[in-house]
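entry.txt follows (compact mmCIF, C-alpha atoms):
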# COMPACT_ATOMS: atom_id res chain seq x y z
CA MET R 1 26.99 71.52 86.00
CA SER R 2 27.34 70.97 89.77
CA CYS R 3 29.63 68.00 89.02
CA PHE R 4 31.73 70.26 86.91
CA ARG R 5 31.81 72.79 89.74
CA HIS R 6 32.81 70.04 92.17
CA HIS R 7 35.62 68.79 89.92
CA SER R 8 36.82 72.25 89.08
CA GLY R 9 36.95 73.11 92.79
CA ALA R 10 39.04 70.04 93.49
CA ALA R 11 41.36 70.96 90.63
CA VAL R 12 41.86 74.40 92.09
CA VAL R 13 42.72 72.93 95.49
CA LEU R 14 45.07 70.41 93.89
CA GLY R 15 46.73 73.13 91.82
CA ALA R 16 47.20 75.33 94.86
CA MET R 17 48.80 72.47 96.73
CA CYS R 18 51.15 71.84 93.81
CA LEU R 19 52.06 75.49 93.74
CA LEU R 20 52.69 75.48 97.47
CA VAL R 21 54.91 72.45 97.21
CA GLY R 22 56.63 73.80 94.15
CA CYS R 23 57.27 77.21 95.68
CA SER R 24 58.36 76.05 99.07
CA LYS R 25 62.04 76.37 99.84
CA PRO R 26 64.15 73.33 99.30
CA ALA R 27 65.76 71.76 102.29
CA PRO R 28 68.66 73.91 103.48
CA GLU R 29 72.00 72.87 102.09
CA GLN R 30 75.47 73.64 103.18
CA ALA R 31 76.75 76.81 101.48
CA PRO R 32 79.57 75.91 99.10
CA PRO R 33 82.98 77.06 100.24
CA PRO R 34 84.01 80.36 98.66
CA ALA R 35 85.79 79.76 95.40
CA ALA R 36 89.44 80.69 95.20
CA PRO R 37 89.88 84.00 93.38
CA PRO R 38 90.70 83.51 89.72
CA TYR R 39 93.52 86.02 89.80
CA HIS R 40 97.04 85.37 90.98
CA PRO R 41 99.24 88.25 92.17
CA VAL R 42 102.73 87.79 90.77
CA ALA R 43 104.47 91.06 91.58
CA SER R 44 104.93 92.47 95.06
CA ILE R 45 103.53 95.86 96.06
CA ARG R 46 107.03 97.31 95.70
CA GLU R 47 107.28 95.94 92.17
CA VAL R 48 103.82 97.21 91.26
CA MET R 49 104.82 100.62 92.57
CA ASN R 50 108.12 100.61 90.68
CA SER R 51 106.86 99.06 87.46
CA VAL R 52 103.29 100.31 87.14
CA ILE R 53 102.44 103.22 89.43
CA ASP R 54 105.60 105.30 89.64
CA PRO R 55 106.73 105.43 85.99
CA ASN R 56 103.21 106.21 84.86
CA VAL R 57 102.39 108.83 87.48
CA ASP R 58 105.67 110.50 86.52
CA VAL R 59 104.31 110.82 82.98
CA VAL R 60 101.18 112.50 84.36
CA TRP R 61 103.22 114.83 86.58
CA ASN R 62 105.79 115.71 83.94
CA ALA R 63 103.19 116.36 81.25
CA VAL R 64 102.68 119.94 82.44
CA LYS R 65 105.38 122.06 84.02
CA THR R 66 107.18 125.36 83.70
CA VAL R 67 110.95 125.47 83.32
CA ILE R 68 112.44 128.87 84.06
CA ASP R 69 115.94 128.95 82.62
CA HIS R 70 117.91 132.10 83.46
CA GLY R 71 114.65 133.96 83.95
CA LYS R 72 113.08 132.73 80.73
CA PRO R 73 109.98 130.60 81.35
CA THR R 74 109.08 127.77 79.01
CA GLU R 75 105.71 126.10 79.41
CA HIS R 76 105.58 122.36 78.82
CA ALA R 77 102.29 120.64 77.99
CA PRO R 78 101.13 117.93 75.59
CA ALA R 79 101.20 119.50 72.15
CA ASN R 80 99.10 117.17 70.04
CA ASP R 81 96.55 114.36 70.17
CA GLU R 82 99.27 111.74 70.32
CA GLU R 83 100.93 113.32 73.35
CA TRP R 84 97.61 113.77 75.15
CA ALA R 85 96.80 110.12 74.42
CA ALA R 86 100.12 109.05 75.91
CA VAL R 87 99.38 110.93 79.13
CA ARG R 88 95.88 109.47 79.25
CA HIS R 89 97.35 106.01 78.83
CA SER R 90 99.54 106.57 81.88
CA ALA R 91 96.76 108.16 83.94
CA MET R 92 94.50 105.22 83.20
CA THR R 93 97.28 102.78 84.06
CA VAL R 94 97.75 104.37 87.49
CA SER R 95 94.00 104.48 88.05
CA GLU R 96 93.61 100.78 87.34
CA GLY R 97 96.92 100.02 88.99
CA ALA R 98 95.33 101.10 92.27
CA ASN R 99 93.17 97.99 92.01
CA LEU R 100 96.31 95.87 91.90
CA LEU R 101 97.35 97.39 95.22
CA MET R 102 94.05 96.34 96.79
CA MET R 103 94.23 92.72 95.68
CA PRO R 104 94.62 90.49 98.72
CA GLY R 105 97.50 88.07 98.81
CA ARG R 106 100.07 90.41 97.31
CA ALA R 107 103.43 90.45 99.07
CA VAL R 108 104.86 93.79 100.16
CA ALA R 109 108.27 93.11 98.59
CA PRO R 110 110.00 90.25 96.79
CA PRO R 111 111.06 87.34 99.00
CA GLY R 112 114.12 88.18 101.04
CA ALA R 113 114.04 91.88 100.21
CA GLY R 114 114.53 94.36 103.02
CA SER R 115 113.91 98.03 103.57
CA LEU R 116 115.30 100.30 100.86
CA SER R 117 116.28 102.78 103.59
CA PRO R 118 116.84 100.85 106.82
CA GLY R 119 115.97 102.87 109.88
CA ILE R 120 113.79 105.20 107.84
CA GLU R 121 111.58 103.12 105.62
CA LEU R 122 109.97 100.21 107.43
CA ALA R 123 110.98 96.68 106.56
CA PRO R 124 108.50 94.76 104.38
CA ASP R 125 107.26 92.65 107.31
CA GLN R 126 106.59 95.84 109.29
CA VAL R 127 104.68 97.32 106.35
CA ARG R 128 102.75 94.05 106.10
CA ALA R 129 101.85 94.28 109.78
CA LEU R 130 100.51 97.81 109.33
CA ILE R 131 98.46 96.80 106.30
CA ASP R 132 97.06 93.78 108.14
CA LYS R 133 96.24 96.00 111.09
CA SER R 134 94.32 98.41 108.91
CA PRO R 135 93.36 96.69 105.65
CA GLY R 136 90.42 99.05 105.27
CA GLY R 137 92.73 101.99 105.63
CA TRP R 138 95.06 100.53 103.03
CA ASN R 139 92.18 100.11 100.62
CA GLN R 140 91.00 103.62 101.41
CA PHE R 141 94.32 105.06 100.31
CA ALA R 142 94.37 102.92 97.17
CA ARG R 143 90.87 104.11 96.33
CA ALA R 144 91.90 107.68 97.07
CA LEU R 145 94.76 107.24 94.60
CA GLN R 146 92.30 105.95 92.02
CA ASP R 147 89.89 108.80 92.71
CA SER R 148 92.67 111.37 92.49
CA LEU R 149 93.33 110.29 88.90
CA GLN R 150 89.79 111.02 87.76
CA PRO R 151 90.19 114.83 87.63
CA ALA R 152 93.44 114.25 85.73
CA ILE R 153 91.70 112.06 83.19
CA ALA R 154 88.88 114.61 82.85
CA ALA R 155 91.46 117.35 82.30
CA ILE R 156 93.24 115.24 79.69
CA ASP R 157 89.97 114.63 77.87
CA LYS R 158 89.42 118.39 77.76
CA LYS R 159 93.09 118.99 76.85
CA ASP R 160 93.17 121.40 79.79
CA ALA R 161 96.85 121.66 80.79
CA GLN R 162 96.23 123.87 83.83
CA ALA R 163 93.60 121.51 85.21
CA LEU R 164 95.96 118.58 84.67
CA PHE R 165 98.70 120.42 86.54
CA GLU R 166 96.37 121.09 89.47
CA ALA R 167 95.19 117.48 89.45
CA GLY R 168 98.82 116.39 89.71
CA ASP R 169 99.13 118.19 93.01
CA LYS R 170 96.17 116.26 94.46
CA ILE R 171 97.66 112.98 93.31
CA ASP R 172 100.86 113.84 95.14
CA GLU R 173 98.95 114.57 98.35
CA VAL R 174 97.44 111.08 98.29
CA CYS R 175 100.81 109.46 97.59
CA GLU R 176 102.54 111.32 100.41
CA SER R 177 99.75 110.57 102.89
CA CYS R 178 99.83 106.84 102.24
CA HIS R 179 103.62 106.64 102.29
CA GLN R 180 103.74 108.37 105.65
CA VAL R 181 101.23 105.96 107.19
CA PHE R 182 102.52 102.66 105.85
CA TRP R 183 106.19 103.23 104.91
CA TYR R 184 107.47 106.13 106.98
CA PRO R 185 105.27 106.35 110.08
CA ALA R 186 108.22 107.74 112.04
CA SER R 187 107.88 110.94 110.02
CA GLY R 188 104.72 111.83 111.90
CA ALA R 189 101.65 110.14 110.48
CA SER R 190 100.13 106.98 111.90
CA ALA R 191 97.50 104.46 110.98
CA SER R 192 95.04 106.56 112.96
CA ALA R 193 95.38 109.12 110.18
CA VAL R 194 93.39 106.81 107.95
CA PRO R 195 89.85 108.11 107.52
CA ALA R 196 87.27 106.16 109.51
CA SER R 197 85.13 105.78 106.41
CA ALA R 198 87.54 103.28 104.96
CA PRO R 199 85.81 100.58 102.90
CA ALA R 200 85.71 97.04 104.13
CA PRO R 201 88.88 95.12 103.51
CA ALA R 202 89.04 93.09 100.33
CA ARG R 203 90.17 89.97 102.11
CA MET L 204 137.73 87.90 92.01
CA LYS L 205 136.20 88.74 88.66
CA THR L 206 133.13 86.72 89.59
CA LYS L 207 132.76 88.64 92.84
CA LEU L 208 133.12 91.96 91.01
CA PHE L 209 130.56 90.87 88.45
CA LEU L 210 128.10 89.86 91.18
CA LEU L 211 128.65 93.15 92.96
CA LEU L 212 127.98 95.15 89.80
CA LEU L 213 124.95 93.00 89.12
CA ALA L 214 123.61 93.69 92.61
CA VAL L 215 124.22 97.42 92.28
CA GLY L 216 122.53 97.43 88.89
CA ALA L 217 119.53 95.56 90.23
CA PHE L 218 119.25 97.99 93.13
CA CYS L 219 119.39 100.98 90.81
CA ALA L 220 116.88 99.40 88.47
CA VAL L 221 114.17 99.45 91.14
CA GLN L 222 114.90 103.01 92.22
CA PRO L 223 113.64 105.47 89.63
CA ALA L 224 115.31 108.84 89.86
CA GLN L 225 112.00 110.54 90.52
CA ALA L 226 110.67 107.96 92.93
CA HIS L 227 108.85 109.21 95.96
CA HIS L 228 110.88 108.95 99.12
CA ALA L 229 110.62 110.43 102.56
CA PHE L 230 112.80 113.38 103.43
CA ALA L 231 114.83 111.22 105.78
CA ALA L 232 115.53 108.67 103.06
CA GLU L 233 117.17 111.21 100.76
CA TYR L 234 118.48 113.99 103.00
CA ASP L 235 120.54 114.23 106.14
CA PRO L 236 118.92 116.31 108.91
CA MET L 237 122.38 116.47 110.54
CA LYS L 238 123.80 118.29 107.51
CA PRO L 239 122.13 121.69 107.37
CA VAL L 240 123.38 123.91 104.55
CA THR L 241 123.09 127.60 103.76
CA LEU L 242 123.55 128.20 100.04
CA ASN L 243 124.23 131.70 98.82
CA GLY L 244 124.43 131.86 95.07
CA ILE L 245 122.87 132.47 91.68
CA VAL L 246 119.67 130.69 90.70
CA THR L 247 120.10 129.47 87.14
CA ARG L 248 116.97 127.43 86.70
CA MET L 249 113.70 126.61 88.38
CA GLU L 250 111.46 123.70 87.48
CA TRP L 251 107.93 124.51 88.58
CA ALA L 252 106.72 120.92 88.48
CA ASN L 253 104.87 118.20 90.36
CA PRO L 254 105.37 116.43 92.65
CA HIS L 255 108.30 118.67 93.66
CA GLY L 256 109.83 121.84 92.36
CA TRP L 257 113.57 122.01 91.69
CA ILE L 258 115.85 125.01 92.08
CA PHE L 259 119.23 124.90 90.37
CA MET L 260 121.79 127.12 92.01
CA ASP L 261 125.48 127.89 91.52
CA THR L 262 127.51 128.72 94.60
CA LYS L 263 131.15 129.71 94.83
CA GLU L 264 133.29 127.48 96.99
CA SER L 265 136.07 128.80 99.21
CA ASP L 266 138.63 127.73 96.58
CA GLY L 267 136.81 129.77 93.94
CA LYS L 268 135.30 126.83 92.15
CA VAL L 269 131.63 126.92 91.22
CA LYS L 270 129.46 124.22 92.72
CA HIS L 271 126.16 123.26 91.12
CA TRP L 272 123.30 122.49 93.48
CA THR L 273 119.98 120.83 92.77
CA ILE L 274 117.49 121.77 95.46
CA GLU L 275 114.19 120.02 95.99
CA THR L 276 111.25 122.17 97.01
CA ALA L 277 107.64 121.57 97.93
CA ALA L 278 105.02 121.06 95.24
CA PRO L 279 104.16 124.20 93.26
CA SER L 280 100.79 124.54 94.94
CA GLN L 281 102.55 124.73 98.31
CA LEU L 282 105.02 127.29 96.98
CA SER L 283 102.14 129.40 95.70
CA ARG L 284 100.37 129.07 99.04
CA HIS L 285 103.43 130.59 100.69
CA GLY L 286 103.49 133.47 98.23
CA LEU L 287 106.22 132.41 95.83
CA LYS L 288 105.54 133.02 92.14
CA LYS L 289 107.15 131.85 88.93
CA ALA L 290 107.82 135.48 88.11
CA ASP L 291 110.09 135.71 91.15
CA PHE L 292 112.72 133.69 89.26
CA THR L 293 114.52 136.24 87.16
CA ASP L 294 117.71 136.10 85.13
CA GLY L 295 120.85 136.33 87.25
CA MET L 296 118.95 136.43 90.51
CA THR L 297 120.83 135.80 93.71
CA ALA L 298 119.21 134.05 96.63
CA VAL L 299 119.91 132.27 99.87
CA VAL L 300 118.53 128.79 100.40
CA LYS L 301 118.62 127.09 103.76
CA GLY L 302 118.09 123.36 103.78
CA TYR L 303 119.67 119.96 104.24
CA GLN L 304 122.23 118.18 102.11
CA GLY L 305 121.58 114.90 100.34
CA LYS L 306 122.83 111.74 101.98
CA ASN L 307 124.40 110.26 98.88
CA ASP L 308 124.69 113.23 96.56
CA PRO L 309 126.66 116.20 97.94
CA GLY L 310 125.19 118.46 95.26
CA LEU L 311 121.62 117.65 96.26
CA ALA L 312 119.70 119.50 98.92
CA ASN L 313 116.22 119.78 100.30
CA GLY L 314 115.28 123.42 100.61
CA ARG L 315 113.50 124.76 103.67
CA THR L 316 113.58 128.53 103.13
CA LEU L 317 114.34 130.75 100.17
CA VAL L 318 115.32 134.37 100.74
CA LEU L 319 115.38 136.65 97.70
CA LYS L 320 117.62 139.66 97.20
CA ASP L 321 114.77 142.03 98.07
CA GLY L 322 114.51 140.39 101.48
CA ARG L 323 111.34 138.41 100.93
CA SER L 324 111.49 134.99 102.56
CA PHE L 325 109.49 131.93 101.55
CA TYR L 326 109.00 128.52 103.08
CA ILE L 327 109.77 125.94 100.38
CA GLY L 328 110.03 122.74 102.45
CA SER L 329 108.46 119.53 101.23
CA VAL L 330 106.39 117.11 103.29
CA GLY L 331 108.18 115.14 105.98
CA GLY L 332 111.06 117.49 106.67
CA PRO L 333 112.50 117.99 110.14
CA ASN L 334 110.58 120.03 112.65
CA ASP L 335 113.18 122.80 112.69
CA GLY L 336 110.86 125.76 113.01
CA ALA L 337 111.24 126.73 109.35
CA GLU L 338 107.65 125.91 108.54
CA PRO L 339 105.27 128.77 109.39
CA GLN L 340 102.58 127.79 111.88

Now, as a test, write the supplied structure out as structure tokens.
Amino acid sequence: MSCFRHHSGAAVVLGAMCLLVGCSKPAPEQAPPPAAPPYHPVASIREVMNSVIDPNVDVVWNAVKTVIDHGKPTEHAPANDEEWAAVRHSAMTVSEGANLLMMPGRAVAPPGAGSLSPGIELAPDQVRALIDKSPGGWNQFARALQDSLQPAIAAIDKKDAQALFEAGDKIDEVCESCHQVFWYPASGASASAVPASAPAPAR
Amino acid sequence: MKTKLFLLLLAVGAFCAVQPAQAHHAFAAEYDPMKPVTLNGIVTRMEWANPHGWIFMDTKESDGKVKHWTIETAAPSQLSRHGLKKADFTDGMTAVVKGYQGKNDPGLANGRTLVLKDGRSFYIGSVGGPNDGAEPQ
């Protein structure tokens, strides 16, 4: 009986030692270098704006409006499920398109392209410099664009034309604010206009 | 020569292709702050739409010809904030718009103020316009 106790005590000690050895941290190793991102930006920011953001946000904006022709108002709004679905498609495209704007490594404009309005709109390398100076601010505006689409999508899901119209105004505010900071700073805004709560840069 | 013409047309086409008609641009990109205009005419149409409203106005030129103007305004929410209503746009209404002419389109203008026949005046300027005192403080 005592022999059993003696052996069982030794087994407990041996087991504890094994556990200690097994649970101890392995020798520190060099952290592997960060893997290259799996994505590959192809289009420039200008092309994303022209091909993804702008045509689709126009669909959201144009979905609800009033045309007053010689004093006679005509209300325009999606009239059936298919038309609401088309607007939702565009709203969702802009919302996700904002992520494309935040992806690091995307050129501002195609190689060799200049300002579309020299002297007014900054040249692509100047826009790049502003983005690099305030990448968090850039991301903040892109996120604000994404966030501004959420009330629009909620309005679309409720088929609430008035709410969609009001959401369109908020989307415009975000667009104008960003353009004035990064493309047309001479018109008054500056990078300091970017909220301090900007998220950390993606790069 | 034909090759040069073809390349020129190709370049113009490519430029136009990346500039949607409704694309967002700064005031200074589209309008000339050195070309102020005062338009006195008949409002034929108003588009109460985002991101900008559009007033369509016919004015009579000195030679008697009618000129059609397309006038950009602020977003509808801004117009409402300044007191303008959709119901203010009636059939045959006359109005005076002060603003700035387009750089490339002589029939395009950016409106700053709209004065109705009854004397009411509204600020209709969009974001980024010149600091000309039109905007109420």

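Once Ile274 of chain L and its same-chain neighbours fewer than 3 positions away are set aside, Leu242, Met249, His255, Gly256, Trp257, Ile258, Phe259, Met260, His271, Val300, Lys301, Gly302, Tyr303, Gln304, Gly305, Gly310, Leu311, Ala312, Asn313, Gly314 and Arg315 of chain L remain within 10 Å of it when counting only C-alpha atoms.
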
Worksheet entry | Local residues around (92.4, 117.1, 77.4), at most 12 Å away, using only C-alpha atoms, as a count of residues only | 30

Discussion item. Taking only C-alpha atoms into account, find every residue of chain L that has an atom no more than 7 Å from chain R, and write it out as a PyMOL selection string.
Written reply: chain L and resi 221+226+229+231-232+247-254+278+280+292-295+331

Would you mind listing, for every residue of segment 16-81 of chain R within 7 Å of segment 100-109 of chain R, the two atoms forming the shortest contact and the distance between them in Å to one decimal, using only C-alpha atoms, sorted by chain and ascending residue number, as a Markdown table?
| residue | atom | partner | partner_atom | distance |
| --- | --- | --- | --- | --- |
| R:Pro41 | CA | R:Arg106 | CA | 5.6 |
| R:Ser44 | CA | R:Ala107 | CA | 4.7 |
| R:Ile45 | CA | R:Val108 | CA | 4.8 |
| R:Arg46 | CA | R:Ala109 | CA | 5.2 |

Practice prompt. Quick one: pull the distance between atom CA of Lys238 of chain L and atom CA of Leu282 of chain L, Å, one decimal.
Written response: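 Distance reported for this atom pair: 23.3 Å.
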
Worksheet item: Using all atoms listed in the file, which residue out of R:Ala31, R:Ile53, R:Ala36, R:Val181 lies closest to Ser134 of chain R?
Response: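 That would be R:Val181, the residue with the smallest distance to Ser134 of chain R.
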
Worksheet entry | Å distance separating atom CA of Ala142 of chain R from atom CA of Cys178 of chain R, one decimal place |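 So the two atoms, atom CA of Ala142 of chain R and atom CA of Cys178 of chain R, lie 8.4 Å apart.
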
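Here atom CA of Trp272 of chain L stands at a distance of 16.0 Å from atom CA of Val318 of chain L.
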